[in-house]
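Inspection log for the structure reproduced underneath, given as C-alpha cells.
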Amino acid sequence: MTKILIDQDKCIGCNTCSLIDPQVFEMDTTIYKAKVKHQPGKVTESVQSAISSCPVGAISASEEWFIS
C-alpha cells in the first residue's frame with residue numbers, strides 16, 4: 001500500500017495538487033496549506049501528476065510495509 005505525504009514545511013499553499021486531483025488533495029483553510037483528504041492506496045496517474053507538478057516538491061509517495 002502506498003501512502004501520500006505532504007511536507008507541511010515545504011508546502012506553499014499554491015493549490016496545484018487539489019486542482020489536479022481534488023479527490024485526494026484539499027487545502028487546509030486554517031493554515032493555507034495542502035493536505036491529503038483521502039489516501040488512494042496506490043499512486044494513480046492524477047496523483048503522480050500532482051507530485052510532479054508541485055513547485056516545491058512537497059508531495060511524496062511512500063510504500064508502507066506491514067508485518068503481520
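A note on labels: chains of the C-alpha cells are A, B, ... as shown, every chain counts residues from 1, and ligands are counted from 1 in their shown order.
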### Task
Write out as a ChimeraX atom specification the residues lying within 8 Å of region 32-41 of chain A, counting only C-alpha atoms and excluding same-chain residues fewer than 5 positions away.
/A:1-6,8,11-15,17-18,23-27
Could the residues in this selection be saved with all heavy atoms as a tab-separated table (two decimals), in the first residue's frame?
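And here is the file that came out, result-v1.tsv:
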```
chain	number	residue	atom	x	y	z
A	1	MET	N	0.85	-1.18	0.00
A	1	MET	CA	0.00	0.00	0.00
A	1	MET	C	0.89	1.24	0.00
A	1	MET	O	1.91	1.28	0.64
A	1	MET	CB	-0.90	-0.01	1.24
A	1	MET	CG	-1.78	1.17	1.36
A	1	MET	SD	-2.87	1.01	2.79
A	1	MET	CE	-4.30	1.75	2.12
A	2	THR	N	0.47	2.23	-0.73
A	2	THR	CA	1.22	3.48	-0.83
A	2	THR	C	0.53	4.56	-0.01
A	2	THR	O	-0.69	4.67	-0.01
A	2	THR	CB	1.30	3.93	-2.30
A	2	THR	OG1	1.93	2.91	-3.06
A	2	THR	CG2	2.08	5.21	-2.43
A	3	LYS	N	1.33	5.35	0.68
A	3	LYS	CA	0.81	6.46	1.45
A	3	LYS	C	1.31	7.76	0.83
A	3	LYS	O	2.50	7.91	0.57
A	3	LYS	CB	1.26	6.36	2.91
A	3	LYS	CG	0.67	7.43	3.80
A	3	LYS	CD	1.02	7.20	5.25
A	3	LYS	CE	0.32	8.21	6.13
A	3	LYS	NZ	0.60	7.98	7.54
A	4	ILE	N	0.40	8.69	0.59
A	4	ILE	CA	0.75	10.00	0.04
A	4	ILE	C	1.04	10.94	1.21
A	4	ILE	O	0.26	11.04	2.15
A	4	ILE	CB	-0.41	10.57	-0.82
A	4	ILE	CG1	-0.87	9.55	-1.87
A	4	ILE	CG2	0.00	11.89	-1.45
A	4	ILE	CD1	0.20	9.07	-2.79
A	5	LEU	N	2.18	11.62	1.13
A	5	LEU	CA	2.62	12.52	2.19
A	5	LEU	C	2.82	13.93	1.66
A	5	LEU	O	3.25	14.10	0.51
A	5	LEU	CB	3.94	12.02	2.78
A	5	LEU	CG	3.97	10.58	3.27
A	5	LEU	CD1	5.39	10.13	3.52
A	5	LEU	CD2	3.14	10.44	4.52
A	6	ILE	N	2.53	14.92	2.49
A	6	ILE	CA	2.80	16.31	2.15
A	6	ILE	C	3.65	16.91	3.26
A	6	ILE	O	3.27	16.90	4.42
A	6	ILE	CB	1.50	17.13	1.99
A	6	ILE	CG1	0.64	16.55	0.86
A	6	ILE	CG2	1.83	18.61	1.71
A	6	ILE	CD1	-0.68	17.24	0.67
A	8	GLN	N	4.58	19.70	5.22
A	8	GLN	CA	3.98	21.00	5.54
A	8	GLN	C	5.01	22.12	5.62
A	8	GLN	O	4.66	23.28	5.41
A	8	GLN	CB	3.19	20.91	6.85
A	8	GLN	CG	1.98	19.99	6.77
A	8	GLN	CD	0.95	20.49	5.78
A	8	GLN	OE1	0.56	21.65	5.80
A	8	GLN	NE2	0.50	19.62	4.90
A	11	CYS	N	5.37	23.03	1.79
A	11	CYS	CA	4.16	23.44	1.08
A	11	CYS	C	3.98	24.96	1.15
A	11	CYS	O	4.09	25.57	2.20
A	11	CYS	CB	2.93	22.74	1.68
A	11	CYS	SG	1.38	23.18	0.85
A	12	ILE	N	3.69	25.55	-0.02
A	12	ILE	CA	3.47	27.00	-0.09
A	12	ILE	C	1.99	27.34	-0.33
A	12	ILE	O	1.65	28.50	-0.54
A	12	ILE	CB	4.35	27.65	-1.17
A	12	ILE	CG1	4.07	27.04	-2.55
A	12	ILE	CG2	5.82	27.55	-0.80
A	12	ILE	CD1	4.74	27.75	-3.71
A	13	GLY	N	1.13	26.32	-0.32
A	13	GLY	CA	-0.30	26.56	-0.47
A	13	GLY	C	-0.72	27.05	-1.84
A	13	GLY	O	-1.68	27.81	-1.95
A	14	CYS	N	-0.05	26.59	-2.88
A	14	CYS	CA	-0.36	27.07	-4.23
A	14	CYS	C	-1.65	26.46	-4.80
A	14	CYS	O	-2.16	26.95	-5.80
A	14	CYS	CB	0.81	26.80	-5.17
A	14	CYS	SG	1.07	25.06	-5.54
A	15	ASN	N	-2.14	25.39	-4.20
A	15	ASN	CA	-3.40	24.75	-4.57
A	15	ASN	C	-3.32	23.91	-5.85
A	15	ASN	O	-4.32	23.42	-6.34
A	15	ASN	CB	-4.52	25.79	-4.70
A	15	ASN	CG	-5.90	25.20	-4.55
A	15	ASN	OD1	-6.10	24.24	-3.81
A	15	ASN	ND2	-6.86	25.76	-5.25
A	17	CYS	N	-2.06	20.87	-6.38
A	17	CYS	CA	-2.40	19.46	-6.17
A	17	CYS	C	-3.91	19.25	-6.09
A	17	CYS	O	-4.45	18.32	-6.69
A	17	CYS	CB	-1.70	18.89	-4.95
A	17	CYS	SG	-2.02	19.77	-3.41
A	18	SER	N	-4.60	20.11	-5.38
A	18	SER	CA	-6.04	19.94	-5.24
A	18	SER	C	-6.79	20.29	-6.54
A	18	SER	O	-7.89	19.80	-6.76
A	18	SER	CB	-6.60	20.74	-4.07
A	18	SER	OG	-6.31	22.10	-4.21
A	23	GLN	N	-10.01	14.73	-5.39
A	23	GLN	CA	-10.48	13.62	-4.57
A	23	GLN	C	-9.43	13.19	-3.55
A	23	GLN	O	-9.75	12.60	-2.53
A	23	GLN	CB	-10.89	12.44	-5.44
A	23	GLN	CG	-12.11	12.76	-6.27
A	23	GLN	CD	-12.71	11.53	-6.90
A	23	GLN	OE1	-12.24	10.42	-6.72
A	23	GLN	NE2	-13.78	11.73	-7.63
A	24	VAL	N	-8.17	13.49	-3.81
A	24	VAL	CA	-7.08	13.10	-2.92
A	24	VAL	C	-6.57	14.28	-2.09
A	24	VAL	O	-6.26	14.12	-0.91
A	24	VAL	CB	-5.92	12.46	-3.71
A	24	VAL	CG1	-4.72	12.16	-2.81
A	24	VAL	CG2	-6.40	11.17	-4.39
A	25	PHE	N	-6.50	15.46	-2.69
A	25	PHE	CA	-5.91	16.62	-2.02
A	25	PHE	C	-6.95	17.72	-1.79
A	25	PHE	O	-7.88	17.88	-2.57
A	25	PHE	CB	-4.78	17.20	-2.88
A	25	PHE	CG	-3.70	16.22	-3.21
A	25	PHE	CD1	-3.70	15.57	-4.43
A	25	PHE	CD2	-2.70	15.94	-2.31
A	25	PHE	CE1	-2.70	14.66	-4.75
A	25	PHE	CE2	-1.70	15.03	-2.61
A	25	PHE	CZ	-1.70	14.38	-3.83
A	26	GLU	N	-6.73	18.48	-0.73
A	26	GLU	CA	-7.54	19.67	-0.47
A	26	GLU	C	-6.70	20.67	0.30
A	26	GLU	O	-5.66	20.32	0.86
A	26	GLU	CB	-8.82	19.33	0.30
A	26	GLU	CG	-8.60	18.90	1.73
A	26	GLU	CD	-9.90	18.54	2.44
A	26	GLU	OE1	-10.98	18.71	1.87
A	26	GLU	OE2	-9.81	18.05	3.59
A	27	MET	N	-7.17	21.90	0.31
A	27	MET	CA	-6.47	22.94	1.06
A	27	MET	C	-7.01	23.00	2.48
A	27	MET	O	-8.22	22.96	2.69
A	27	MET	CB	-6.64	24.30	0.39
A	27	MET	CG	-5.95	24.42	-0.95
A	27	MET	SD	-4.17	24.15	-0.88
A	27	MET	CE	-3.66	25.53	0.11
```
#### Entry: Contacts of Asp7 (chain A) at 9 Å (only C-alpha atoms; same-chain gap of 5+ positions) as a list in words
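With the cut-off at 9 Å, the set is Gly57, Ala58, Ile59 and Ser60 of chain A.
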Residues from last step as file, all heavy atoms, as a tab-separated table (two decimals), in the first residue's frame:
```
chain	number	residue	atom	x	y	z
A	57	GLY	N	8.17	20.55	-4.47
A	57	GLY	CA	8.46	19.15	-4.17
A	57	GLY	C	7.99	18.70	-2.80
A	57	GLY	O	8.64	17.89	-2.15
A	58	ALA	N	6.85	19.21	-2.37
A	58	ALA	CA	6.35	18.91	-1.03
A	58	ALA	C	5.57	17.60	-0.94
A	58	ALA	O	5.32	17.10	0.15
A	58	ALA	CB	5.45	20.04	-0.53
A	59	ILE	N	5.19	17.03	-2.08
A	59	ILE	CA	4.37	15.81	-2.09
A	59	ILE	C	5.24	14.61	-2.43
A	59	ILE	O	6.05	14.66	-3.36
A	59	ILE	CB	3.23	15.92	-3.11
A	59	ILE	CG1	2.45	17.20	-2.91
A	59	ILE	CG2	2.31	14.70	-3.01
A	59	ILE	CD1	1.48	17.51	-4.03
A	60	SER	N	5.05	13.53	-1.69
A	60	SER	CA	5.77	12.30	-1.98
A	60	SER	C	4.86	11.10	-1.73
A	60	SER	O	3.80	11.22	-1.11
A	60	SER	CB	7.03	12.19	-1.10
A	60	SER	OG	6.67	12.15	0.26
```
### Task
Among the residues of chain A, find those DSSP assigns to helix (DSSP H, G or I) from the backbone and print them as a ChimeraX atom specification.
/A:16-20,45-53
Could those selected residues go to a file with C-alpha atoms, as a tab-separated table (two decimals), in the first residue's frame?
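To be explicit, this is the file written out as out_13.tsv:
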```tsv
chain	number	residue	atom	x	y	z
A	16	THR	CA	-1.99	22.96	-7.64
A	17	CYS	CA	-2.40	19.46	-6.17
A	18	SER	CA	-6.04	19.94	-5.24
A	19	LEU	CA	-6.81	21.36	-8.69
A	20	ILE	CA	-5.21	18.31	-10.33
A	45	GLU	CA	-1.96	8.92	-12.81
A	46	SER	CA	-3.53	12.06	-11.32
A	47	VAL	CA	-1.63	11.65	-8.02
A	48	GLN	CA	1.63	11.26	-9.97
A	49	SER	CA	0.75	14.39	-11.91
A	50	ALA	CA	0.16	16.29	-8.65
A	51	ILE	CA	3.50	15.06	-7.26
A	52	SER	CA	5.32	16.12	-10.44
A	53	SER	CA	3.52	19.48	-10.59
```
#### Entry: In chain A, DSSP strand (DSSP E or B) residues written as a VMD selection string
chain A and resid 2 to 6 25 to 28 33 to 36 59 to 63
